[in-house]
file final-v2.txt (compact mmCIF, C-alpha atoms)
# COMPACT_ATOMS: atom_id res chain seq x y z
CA MET A 155 -31.66 -2.08 7.51
CA LYS A 156 -28.42 -1.05 9.20
CA VAL A 157 -26.30 1.41 7.19
CA VAL A 158 -22.54 1.59 7.80
CA LEU A 159 -20.25 4.27 6.37
CA LYS A 160 -16.52 3.54 6.50
CA ASN A 161 -13.99 6.30 5.80
CA LEU A 162 -16.37 7.77 3.24
CA THR A 163 -14.76 10.60 1.27
CA LYS A 164 -15.88 12.58 -1.76
CA LYS A 165 -13.69 15.08 -3.61
CA PHE A 166 -14.68 17.36 -6.48
CA PRO A 167 -12.39 19.30 -8.83
CA ASN A 168 -12.14 22.96 -7.86
CA ARG A 169 -14.21 25.01 -10.31
CA ASN A 170 -11.82 27.89 -9.81
CA LYS A 171 -9.16 26.87 -12.33
CA LYS A 172 -6.79 29.57 -11.11
CA VAL A 173 -6.71 27.97 -7.67
CA GLY A 174 -6.90 24.37 -8.90
CA GLY A 175 -6.79 21.37 -6.64
CA GLU A 176 -9.82 19.61 -5.17
CA ILE A 177 -12.74 20.42 -2.90
CA ILE A 178 -13.38 17.83 -0.17
CA ALA A 179 -17.17 17.71 0.18
CA VAL A 180 -17.23 14.73 2.57
CA ASN A 181 -14.12 13.99 4.59
CA ASN A 182 -13.54 10.55 6.13
CA PHE A 183 -17.15 10.02 7.31
CA ASN A 184 -17.50 7.06 9.71
CA PHE A 185 -20.89 6.19 11.15
CA GLU A 186 -23.17 3.23 11.83
CA ILE A 187 -26.87 4.00 11.42
CA PRO A 188 -28.86 1.48 13.46
CA ASP A 189 -31.69 -0.45 11.86
CA GLY A 190 -35.06 1.29 12.00
CA LYS A 191 -33.80 4.65 13.29
CA LEU A 192 -34.36 8.17 11.98
CA ILE A 193 -31.08 10.06 11.64
CA GLY A 194 -30.86 13.80 11.04
CA LEU A 195 -27.91 15.00 8.93
CA LEU A 196 -27.54 18.59 10.01
CA GLY A 197 -25.35 21.51 9.09
CA PRO A 198 -25.13 24.84 7.25
CA SER A 199 -25.30 25.10 3.46
CA GLY A 200 -22.23 23.61 1.82
CA CYS A 201 -21.30 21.38 4.78
CA GLY A 202 -21.57 18.15 2.73
CA LYS A 203 -24.81 16.69 4.07
CA SER A 204 -26.57 16.39 0.68
CA THR A 205 -23.39 14.97 -0.85
CA ALA A 206 -23.31 12.33 1.89
CA LEU A 207 -26.94 11.47 1.14
CA ASN A 208 -26.20 11.17 -2.59
CA LEU A 209 -23.29 8.85 -1.82
CA ILE A 210 -25.56 6.62 0.26
CA SER A 211 -28.19 6.57 -2.50
CA GLY A 212 -25.65 5.76 -5.22
CA LEU A 213 -26.23 8.97 -7.20
CA LEU A 214 -22.59 9.82 -6.52
CA LYS A 215 -19.59 7.49 -6.31
CA PRO A 216 -17.22 8.01 -3.39
CA THR A 217 -13.60 8.98 -3.99
CA SER A 218 -12.72 6.49 -1.28
CA GLY A 219 -14.38 4.54 1.50
CA GLN A 220 -17.20 1.99 1.66
CA ILE A 221 -20.96 1.87 2.19
CA PHE A 222 -22.70 -1.17 3.67
CA PHE A 223 -26.41 -1.95 3.83
CA GLY A 224 -26.56 -4.62 6.48
CA ASP A 225 -23.55 -6.84 5.73
CA ALA A 226 -23.63 -6.15 1.97
CA ASP A 227 -21.10 -3.79 0.43
CA VAL A 228 -23.16 -1.55 -1.88
CA THR A 229 -20.40 0.95 -2.71
CA GLU A 230 -20.37 0.02 -6.40
CA LEU A 231 -24.05 -0.90 -6.67
CA PRO A 232 -26.20 1.37 -8.91
CA PRO A 233 -29.01 3.34 -7.22
CA GLU A 234 -31.82 1.22 -8.67
CA ASN A 235 -30.38 -1.90 -7.05
CA ARG A 236 -29.80 -0.47 -3.57
CA GLY A 237 -33.38 -0.60 -2.33
CA VAL A 238 -33.52 3.08 -1.41
CA GLY A 239 -36.42 5.52 -1.56
CA LEU A 240 -35.58 9.15 -2.35
CA VAL A 241 -37.56 12.30 -1.58
CA PHE A 242 -36.16 15.60 -2.80
CA GLN A 243 -36.74 19.23 -1.90
CA ASN A 244 -38.65 19.96 -5.14
CA TYR A 245 -40.94 16.88 -4.91
CA ALA A 246 -40.19 15.95 -8.59
CA LEU A 247 -43.77 14.84 -9.31
CA TYR A 248 -44.91 14.27 -12.89
CA PRO A 249 -47.32 17.18 -13.55
CA HIS A 250 -49.32 15.38 -16.27
CA MET A 251 -50.00 12.36 -14.02
CA THR A 252 -52.57 11.95 -11.27
CA VAL A 253 -51.59 11.12 -7.70
CA ARG A 254 -52.46 7.48 -8.42
CA GLN A 255 -50.23 7.41 -11.50
CA ASN A 256 -47.34 9.15 -9.71
CA ILE A 257 -47.36 6.60 -6.88
CA LEU A 258 -47.76 3.65 -9.28
CA PHE A 259 -44.92 4.78 -11.54
CA PRO A 260 -42.03 3.06 -9.66
CA LEU A 261 -43.98 -0.22 -9.54
CA GLU A 262 -44.81 -0.11 -13.26
CA ASN A 263 -41.11 0.09 -14.07
CA LEU A 264 -40.18 -3.09 -12.21
CA LYS A 265 -38.86 -5.79 -14.53
CA GLY A 266 -38.11 -9.49 -14.52
CA ASP A 267 -38.78 -11.36 -11.29
CA LYS A 268 -39.76 -8.13 -9.55
CA LYS A 269 -42.62 -7.35 -11.97
CA LEU A 270 -46.00 -7.22 -10.24
CA SER A 271 -49.57 -7.82 -11.35
CA LYS A 272 -51.94 -4.86 -11.70
CA GLU A 273 -53.90 -6.03 -8.68
CA VAL A 274 -50.81 -6.16 -6.45
CA MET A 275 -49.59 -2.77 -7.72
CA GLU A 276 -52.99 -1.23 -6.98
CA GLN A 277 -52.96 -2.70 -3.47
CA LYS A 278 -49.46 -1.40 -2.72
CA MET A 279 -50.36 2.03 -4.11
CA LEU A 280 -53.41 2.25 -1.85
CA GLU A 281 -51.39 1.16 1.19
CA ALA A 282 -48.81 3.88 0.53
CA ALA A 283 -51.50 6.52 -0.08
CA ARG A 284 -53.32 5.61 3.14
CA LEU A 285 -50.07 5.69 5.10
CA VAL A 286 -49.52 9.34 4.17
CA GLN A 287 -53.27 10.10 4.32
CA ILE A 288 -53.84 11.13 0.69
CA ASP A 289 -56.01 8.18 -0.43
CA MET A 290 -58.91 10.60 -1.00
CA LEU A 291 -56.86 12.62 -3.53
CA LEU A 292 -55.84 9.88 -5.96
CA GLU A 293 -57.44 11.43 -9.04
CA ARG A 294 -55.98 14.91 -8.57
CA LYS A 295 -52.96 16.23 -10.42
CA PRO A 296 -50.09 17.98 -8.61
CA LYS A 297 -51.18 21.50 -9.64
CA GLU A 298 -54.49 20.91 -7.87
CA MET A 299 -52.80 20.20 -4.54
CA SER A 300 -51.09 22.19 -1.77
CA GLY A 301 -47.36 21.97 -1.17
CA GLY A 302 -47.88 19.73 1.84
CA GLN A 303 -50.09 17.36 -0.15
CA GLN A 304 -47.53 17.21 -2.97
CA GLN A 305 -44.84 16.35 -0.46
CA ARG A 306 -46.97 13.48 0.84
CA VAL A 307 -47.32 12.16 -2.72
CA ALA A 308 -43.53 12.25 -3.08
CA ILE A 309 -43.14 10.32 0.19
CA ALA A 310 -45.78 7.76 -0.86
CA ARG A 311 -43.99 7.25 -4.18
CA ALA A 312 -40.73 6.63 -2.32
CA LEU A 313 -42.40 4.22 0.11
CA VAL A 314 -44.49 2.21 -2.35
CA LYS A 315 -41.62 -0.23 -3.08
CA ARG A 316 -41.00 -0.58 0.67
CA PRO A 317 -37.35 0.46 0.44
CA ASP A 318 -34.74 -0.74 2.92
CA VAL A 319 -33.58 2.85 3.42
CA LEU A 320 -35.53 6.10 3.02
CA LEU A 321 -33.50 9.21 2.13
CA LEU A 322 -35.04 12.67 2.56
CA ASP A 323 -33.12 15.67 1.18
CA GLU A 324 -34.45 18.92 2.70
CA PRO A 325 -38.03 17.71 2.08
CA LEU A 326 -39.72 20.56 3.96
CA SER A 327 -37.81 23.57 2.60
CA ASN A 328 -40.60 24.66 0.23
CA LEU A 329 -43.35 24.61 2.85
CA ASP A 330 -44.59 27.45 5.04
CA ALA A 331 -43.97 27.35 8.80
CA ARG A 332 -47.24 25.66 9.78
CA LEU A 333 -47.01 23.04 7.02
CA ARG A 334 -43.39 22.32 7.95
CA LEU A 335 -44.47 21.52 11.49
CA GLN A 336 -47.35 19.30 10.37
CA THR A 337 -45.33 17.48 7.71
CA ARG A 338 -42.33 16.77 9.95
CA GLU A 339 -44.70 15.22 12.48
CA GLU A 340 -46.14 13.10 9.67
CA ILE A 341 -42.66 11.99 8.59
CA ARG A 342 -41.93 10.87 12.13
CA ARG A 343 -45.25 9.00 12.37
CA ILE A 344 -44.69 7.27 9.01
CA GLN A 345 -41.14 6.31 9.94
CA LYS A 346 -42.28 4.78 13.23
CA GLU A 347 -45.13 2.87 11.54
CA THR A 348 -42.93 1.45 8.77
CA GLY A 349 -39.74 0.94 10.79
CA ILE A 350 -37.68 1.94 7.73
CA THR A 351 -34.19 3.25 8.42
CA THR A 352 -34.44 6.93 7.47
CA ILE A 353 -31.84 9.62 6.85
CA PHE A 354 -33.19 13.16 6.93
CA VAL A 355 -31.04 16.01 5.58
CA THR A 356 -31.80 19.53 6.78
CA HIS A 357 -30.14 22.82 7.70
CA ASP A 358 -32.94 23.52 10.19
CA GLN A 359 -31.67 22.43 13.61
CA GLU A 360 -35.12 22.65 15.23
CA GLU A 361 -36.48 20.33 12.53
CA ALA A 362 -33.71 17.78 13.03
CA MET A 363 -33.82 17.84 16.82
CA SER A 364 -37.60 17.44 17.01
CA ILE A 365 -37.93 14.17 15.05
CA SER A 366 -34.51 12.47 14.95
CA ASP A 367 -33.35 9.56 17.10
CA MET A 368 -29.79 10.82 16.54
CA ILE A 369 -28.28 13.82 14.80
CA VAL A 370 -25.02 14.18 12.89
CA VAL A 371 -23.68 17.75 12.87
CA MET A 372 -21.42 18.49 9.88
CA GLU A 373 -19.16 21.40 8.99
CA LYS A 374 -17.07 21.72 5.81
CA GLY A 375 -17.40 18.01 5.03
CA ILE A 376 -16.33 16.93 8.51
CA VAL A 377 -18.53 15.28 11.13
CA ARG A 378 -18.26 17.46 14.22
CA GLN A 379 -20.55 15.56 16.59
CA ILE A 380 -22.93 12.60 16.65
CA GLY A 381 -25.44 11.89 19.39
CA LYS A 382 -28.99 12.09 20.64
CA PRO A 383 -30.41 15.58 20.02
CA GLN A 384 -30.70 16.61 23.67
CA GLU A 385 -27.25 15.22 24.51
CA VAL A 386 -25.63 17.22 21.70
CA TYR A 387 -27.49 20.35 22.78
CA ASP A 388 -26.48 19.90 26.43
CA SER A 389 -22.88 18.87 25.73
CA PRO A 390 -21.55 20.47 22.53
CA VAL A 391 -17.97 19.45 21.75
CA SER A 392 -17.09 22.73 20.05
CA LEU A 393 -18.12 26.36 19.70
CA PHE A 394 -19.43 25.61 16.19
CA VAL A 395 -21.84 22.93 17.44
CA ALA A 396 -22.95 25.12 20.35
CA LYS A 397 -23.67 28.04 18.02
CA PHE A 398 -25.46 25.91 15.44
CA LEU A 399 -27.93 24.30 17.84
CA GLY A 400 -30.52 26.31 19.72
CA THR A 401 -33.31 28.84 19.12
CA PRO A 402 -32.67 31.59 20.11
CA PRO A 403 -28.97 30.90 19.49
CA ILE A 404 -26.43 30.63 22.25
CA ASN A 405 -24.96 33.92 23.56
CA VAL A 406 -21.20 34.09 22.95
CA PHE A 407 -18.78 36.17 25.02
CA GLU A 408 -15.07 36.81 25.22
CA GLY A 409 -14.08 35.73 28.70
CA ARG A 410 -11.09 35.11 30.92
CA VAL A 411 -10.37 32.44 33.51
CA LYS A 412 -8.28 33.48 36.50
CA ASP A 413 -7.70 31.59 39.75
CA GLY A 414 -10.68 29.29 39.19
CA TYR A 415 -13.18 32.01 38.29
CA LEU A 416 -14.72 33.15 35.02
CA TYR A 417 -14.60 36.86 34.26
CA LEU A 418 -16.68 38.68 31.66
CA ASP A 419 -15.04 42.08 31.29
CA ASP A 420 -14.27 42.89 34.94
CA GLN A 421 -17.20 40.94 36.42
CA LYS A 422 -16.48 37.69 38.29
CA VAL A 423 -19.54 35.70 37.16
CA LEU A 424 -18.92 32.00 37.92
CA ALA A 425 -16.59 29.54 39.67
CA VAL A 426 -14.90 27.30 37.07
CA LYS A 427 -12.42 25.10 38.89
CA GLY A 428 -10.13 22.74 37.02
CA THR A 429 -9.63 25.10 34.07
CA LYS A 430 -6.30 26.74 33.30
CA ASP A 431 -6.01 30.51 33.40
CA GLY A 432 -6.31 32.38 30.13
CA ASP A 433 -8.68 33.84 27.54
CA VAL A 434 -11.66 31.70 26.50
CA TRP A 435 -14.82 31.81 24.46
CA VAL A 436 -17.90 31.58 26.66
CA GLY A 437 -21.26 30.27 25.49
CA ILE A 438 -24.37 30.83 27.63
CA ARG A 439 -27.68 29.33 26.53
CA PRO A 440 -30.62 31.79 26.60
CA GLU A 441 -32.22 29.72 29.37
CA GLY A 442 -28.98 29.85 31.39
CA PHE A 443 -29.79 33.20 33.05
CA THR A 444 -31.67 33.71 36.32
CA LEU A 445 -32.93 37.12 37.36
CA ASP A 446 -31.16 38.06 40.59
CA GLU A 447 -31.01 41.56 42.04
CA ASN A 448 -27.64 40.64 43.57
CA GLY A 449 -26.45 38.60 40.60
CA PRO A 450 -22.78 38.89 39.58
CA MET A 451 -23.50 39.55 35.88
CA ILE A 452 -24.67 43.09 35.15
CA CYS A 453 -26.05 43.86 31.69
CA HIS A 454 -27.44 47.02 30.14
CA MET A 455 -31.21 46.68 29.64
CA ASN A 456 -32.50 47.12 26.09
CA GLY A 457 -36.04 45.82 26.51
CA VAL A 458 -38.35 42.89 27.14
CA GLU A 459 -40.07 40.72 24.54
CA VAL A 460 -43.16 38.87 25.81
CA MET A 461 -43.52 35.42 24.23
CA GLY A 462 -46.46 34.11 26.27
CA ARG A 463 -45.10 31.31 28.42
CA ASP A 464 -41.65 32.92 28.55
CA VAL A 465 -40.12 36.38 28.46
CA SER A 466 -37.02 37.33 26.50
CA VAL A 467 -34.88 39.95 28.21
CA VAL A 468 -32.83 41.78 25.58
CA SER A 469 -29.65 43.35 26.91
CA THR A 470 -26.04 44.18 26.06
CA HIS A 471 -22.68 43.52 27.67
CA LYS A 472 -19.18 44.71 26.80
CA ALA A 473 -17.88 41.13 26.53
CA CYS A 474 -20.68 39.86 24.27
CA VAL A 475 -19.71 39.05 20.67
CA SER A 476 -23.27 39.53 19.37
CA PRO A 477 -25.01 42.92 19.31
CA VAL A 478 -27.51 41.77 21.96
CA ILE A 479 -27.97 39.08 24.62
CA ARG A 480 -31.25 37.17 24.72
CA SER A 481 -32.11 35.71 28.12
CA ILE A 482 -35.19 33.48 28.38
CA ILE A 483 -36.88 33.67 31.77
CA SER A 484 -40.30 32.70 33.14
CA ALA A 485 -43.17 35.08 32.37
CA GLU A 486 -43.89 35.03 36.12
CA SER A 487 -40.59 36.77 36.81
CA LYS A 488 -40.87 40.46 37.46
CA VAL A 489 -38.55 42.53 35.28
CA ASP A 490 -38.76 46.27 34.76
CA PRO A 491 -38.03 47.09 31.11
CA ALA A 492 -37.45 50.73 32.09
CA SER A 493 -34.47 49.81 34.31
CA GLU A 494 -31.04 50.90 33.15
CA ASN A 495 -29.43 47.60 34.10
CA VAL A 496 -30.49 44.01 34.73
CA ARG A 497 -28.58 41.55 36.93
CA PHE A 498 -28.30 37.81 36.42
CA ALA A 499 -26.95 34.73 38.15
CA LEU A 500 -25.82 31.98 35.76
CA LYS A 501 -26.84 28.31 35.65
CA PRO A 502 -23.53 26.39 35.45
CA SER A 503 -25.04 23.57 33.33
CA LYS A 504 -25.92 26.12 30.65
CA VAL A 505 -22.50 27.77 30.54
CA PHE A 506 -19.79 26.37 28.23
CA LEU A 507 -16.13 27.30 27.95
CA PHE A 508 -14.21 26.86 24.69
CA ASP A 509 -10.51 27.07 23.94
CA LYS A 510 -9.72 30.45 22.37
CA ASN A 511 -7.71 28.90 19.53
CA SER A 512 -9.12 25.42 18.82
CA GLU A 513 -12.69 26.37 19.88
CA GLU A 514 -13.00 22.94 21.50
CA ARG A 515 -15.00 22.55 24.70
CA MET A 516 -13.19 22.88 28.04
CA GLU A 517 -14.61 21.10 31.08
CA PHE A 518 -14.85 22.73 34.47
CA THR A 519 -16.20 21.98 37.96
CA LEU A 520 -17.91 24.24 40.46
call {"tool": "encode", "arguments": {"input": "final-v2.txt", "output": "structure tokens"}}
result
Amino acid sequence: MKVVLKNLTKKFPNRNKKVGGEIIAVNNFNFEIPDGKLIGLLGPSGCGKSTALNLISGLLKPTSGQIFFGDADVTELPPENRGVGLVFQNYALYPHMTVRQNILFPLENLKGDKKLSKEVMEQKMLEAARLVQIDMLLERKPKEMSGGQQQRVAIARALVKRPDVLLLDEPLSNLDARLRLQTREEIRRIQKETGITTIFVTHDQEEAMSISDMIVVMEKGIVRQIGKPQEVYDSPVSLFVAKFLGTPPINVFEGRVKDGYLYLDDQKVLAVKGTKDGDVWVGIRPEGFTLDENGPMICHMNGVEVMGRDVSVVSTHKACVSPVIRSIISAESKVDPASENVRFALKPSKVFLFDKNSEERMEFTL
């Protein structure tokens, strides 16, 4: 099912009565979610991603704008008539019911023409349980299960009615690191098997980038960038997007462009033709550094962190905004942690310039 958002806006009254006015949680959101795709809604806490999800589900009514499922305008349609499946952060399972009963519950509440026989309900319940691989746990109650198993029950309950759209609101937040990895892989597998259009809300950029067909990066209710995960990572439109995506995060410097060259402090580190002279923000991805004994960028060595396949060189530089710079290099590279300084050459494709005032990306050529 294709989902189309047109000029979607949601305002809330400001709880601070002294200030008054309104808070814009979602601001003029326009996006077409293709049929059968998994979309990651991504951004820091308070950016409006959960509000957008609740608007799509019908739990909230928009202040303005429209929502379409396929060609049907569902803006005024109540949640129960939208054909959506919802999975929340806290699972919301009924503790007194078994897994079987929890999954059956949505089917037992169908009325009128949609009412099903017990045999059909049992068949659909088993199909959903097998899909999330919990069919051997049907007689257990939630307290007898791990967090990952409970999350699978919540997903099965959402899927049992075969919704047109599946909405996941931070579904992995309560799981430990290993379970998060396993469960996100399961979500991707289930989505591919069912072909259900899925919207996945998270503040974890690694989570969103690993399983999404496309990501939507939000800040303060505004959509900052939409695209395929790797494309957004490689071509951020703003300093905010560049800083939000990436682990370790991008290294940010105060720089200066003069006569077609980029300077960090007094070091001429890179040719950047086609960019006007002046002060800029500079973002360098951790993998954008190459060890070079004659490299133009000289940093003060703090130490080396061995990560197995890679090595993280930790250093400092006068122009760096952060306390330290993290440079990811191959473990095969020879670096002396006892050295006072370390020198780097920069990979141009991993260096981004941003306007000092607007923080928007500035293009350059070599």
call {"tool": "closest_residue", "arguments": {"input": "final-v2.txt", "among": "A:Gly437, A:Gly432, A:Gly174, A:Pro491", "to": "Phe407 of chain A", "atoms": "all atoms listed in the file"}}
result
A:Gly437
call {"tool": "residues_around", "arguments": {"input": "final-v2.txt", "residues": "segment 384-401 of chain A", "least_positions_apart": "6", "cutoff": "9 Å", "atoms": "only C-alpha atoms", "output": "list in words"}}
result
Gly197, Pro198, Gln359, Glu360, Met363, Ile369, Val371, Met372, Glu373, Arg378, Trp435, Val436, Gly437, Arg439, Pro440, Ser503, Lys504, Phe506, Leu507, Phe508, Asp509, Ser512, Glu513, Glu514, Arg515 and Met516 of chain A
call {"tool": "atom_distance", "arguments": {"input": "final-v2.txt", "atom1": "atom CA of Val253 of chain A", "atom2": "atom CA of Leu292 of chain A"}}
result
4.8 Å
call {"tool": "residues_around", "arguments": {"input": "final-v2.txt", "residues": "Thr337 of chain A", "least_positions_apart": "2", "cutoff": "12 Å", "atoms": "all atoms listed in the file", "output": "NGL selection string"}}
result
:A and (286-287 or 301-307 or 309 or 325-335 or 339-344 or 361 or 365)
call {"tool": "atom_distance", "arguments": {"input": "final-v2.txt", "atom1": "atom CA of Pro249 of chain A", "atom2": "atom CA of Arg294 of chain A"}}
result
10.2 Å
call {"tool": "atom_distance", "arguments": {"input": "final-v2.txt", "atom1": "atom CA of Thr356 of chain A", "atom2": "atom CA of Glu441 of chain A"}}
result
24.8 Å
call {"tool": "closest_residue", "arguments": {"input": "final-v2.txt", "among": "A:Ile353, A:Asn263, A:Lys268, A:Thr205", "to": "Val241 of chain A", "atoms": "only C-alpha atoms"}}
result
A:Ile353
call {"tool": "build_atoms", "arguments": {"input": "final-v2.txt", "residues": "segment 317-336 of chain A", "atoms": "N, CA, C and O atoms", "output": "compact mmCIF listing (two decimals), in the frame of the given file"}}
result
# COMPACT_ATOMS: atom_id res chain seq x y z
N PRO A 317 -38.81 0.47 0.52
CA PRO A 317 -37.35 0.46 0.44
C PRO A 317 -36.72 0.03 1.77
O PRO A 317 -37.36 0.11 2.83
N ASP A 318 -35.48 -0.41 1.70
CA ASP A 318 -34.74 -0.74 2.92
C ASP A 318 -34.31 0.52 3.65
O ASP A 318 -34.19 0.54 4.88
N VAL A 319 -34.05 1.58 2.86
CA VAL A 319 -33.58 2.85 3.42
C VAL A 319 -34.34 3.99 2.75
O VAL A 319 -34.47 4.02 1.52
N LEU A 320 -34.84 4.92 3.55
CA LEU A 320 -35.53 6.10 3.02
C LEU A 320 -34.63 7.31 3.21
O LEU A 320 -34.16 7.58 4.32
N LEU A 321 -34.40 8.06 2.11
CA LEU A 321 -33.50 9.21 2.13
C LEU A 321 -34.30 10.47 1.80
O LEU A 321 -34.94 10.56 0.75
N LEU A 322 -34.27 11.44 2.71
CA LEU A 322 -35.04 12.67 2.56
C LEU A 322 -34.08 13.86 2.50
O LEU A 322 -33.38 14.14 3.47
N ASP A 323 -34.05 14.55 1.36
CA ASP A 323 -33.12 15.67 1.18
C ASP A 323 -33.86 17.00 1.27
O ASP A 323 -34.52 17.42 0.33
N GLU A 324 -33.78 17.65 2.44
CA GLU A 324 -34.45 18.92 2.70
C GLU A 324 -35.91 18.88 2.22
O GLU A 324 -36.34 19.75 1.45
N PRO A 325 -36.69 17.90 2.65
CA PRO A 325 -38.03 17.71 2.08
C PRO A 325 -39.05 18.77 2.48
O PRO A 325 -40.12 18.84 1.88
N LEU A 326 -38.74 19.61 3.47
CA LEU A 326 -39.72 20.56 3.96
C LEU A 326 -39.39 22.01 3.60
O LEU A 326 -40.10 22.93 4.00
N SER A 327 -38.32 22.21 2.85
CA SER A 327 -37.81 23.57 2.60
C SER A 327 -38.81 24.45 1.86
O SER A 327 -38.79 25.67 2.02
N ASN A 328 -39.67 23.86 1.03
CA ASN A 328 -40.60 24.66 0.23
C ASN A 328 -41.94 24.90 0.91
O ASN A 328 -42.85 25.45 0.29
N LEU A 329 -42.07 24.48 2.15
CA LEU A 329 -43.35 24.61 2.85
C LEU A 329 -43.34 25.80 3.81
O LEU A 329 -42.28 26.19 4.31
N ASP A 330 -44.53 26.36 4.07
CA ASP A 330 -44.59 27.45 5.04
C ASP A 330 -44.45 26.88 6.45
O ASP A 330 -44.46 25.66 6.66
N ALA A 331 -44.33 27.78 7.44
CA ALA A 331 -43.97 27.35 8.80
C ALA A 331 -44.94 26.33 9.38
O ALA A 331 -44.53 25.33 9.96
N ARG A 332 -46.25 26.57 9.20
CA ARG A 332 -47.24 25.66 9.78
C ARG A 332 -47.20 24.29 9.09
O ARG A 332 -47.25 23.25 9.75
N LEU A 333 -47.07 24.30 7.76
CA LEU A 333 -47.01 23.04 7.02
C LEU A 333 -45.74 22.26 7.35
O LEU A 333 -45.74 21.03 7.39
N ARG A 334 -44.65 22.99 7.57
CA ARG A 334 -43.39 22.32 7.95
C ARG A 334 -43.59 21.53 9.24
O ARG A 334 -43.15 20.38 9.36
N LEU A 335 -44.24 22.17 10.21
CA LEU A 335 -44.47 21.52 11.49
C LEU A 335 -45.35 20.28 11.33
O LEU A 335 -45.03 19.21 11.85
N GLN A 336 -46.44 20.42 10.57
CA GLN A 336 -47.35 19.30 10.37
C GLN A 336 -46.67 18.16 9.62
O GLN A 336 -46.81 16.98 9.98
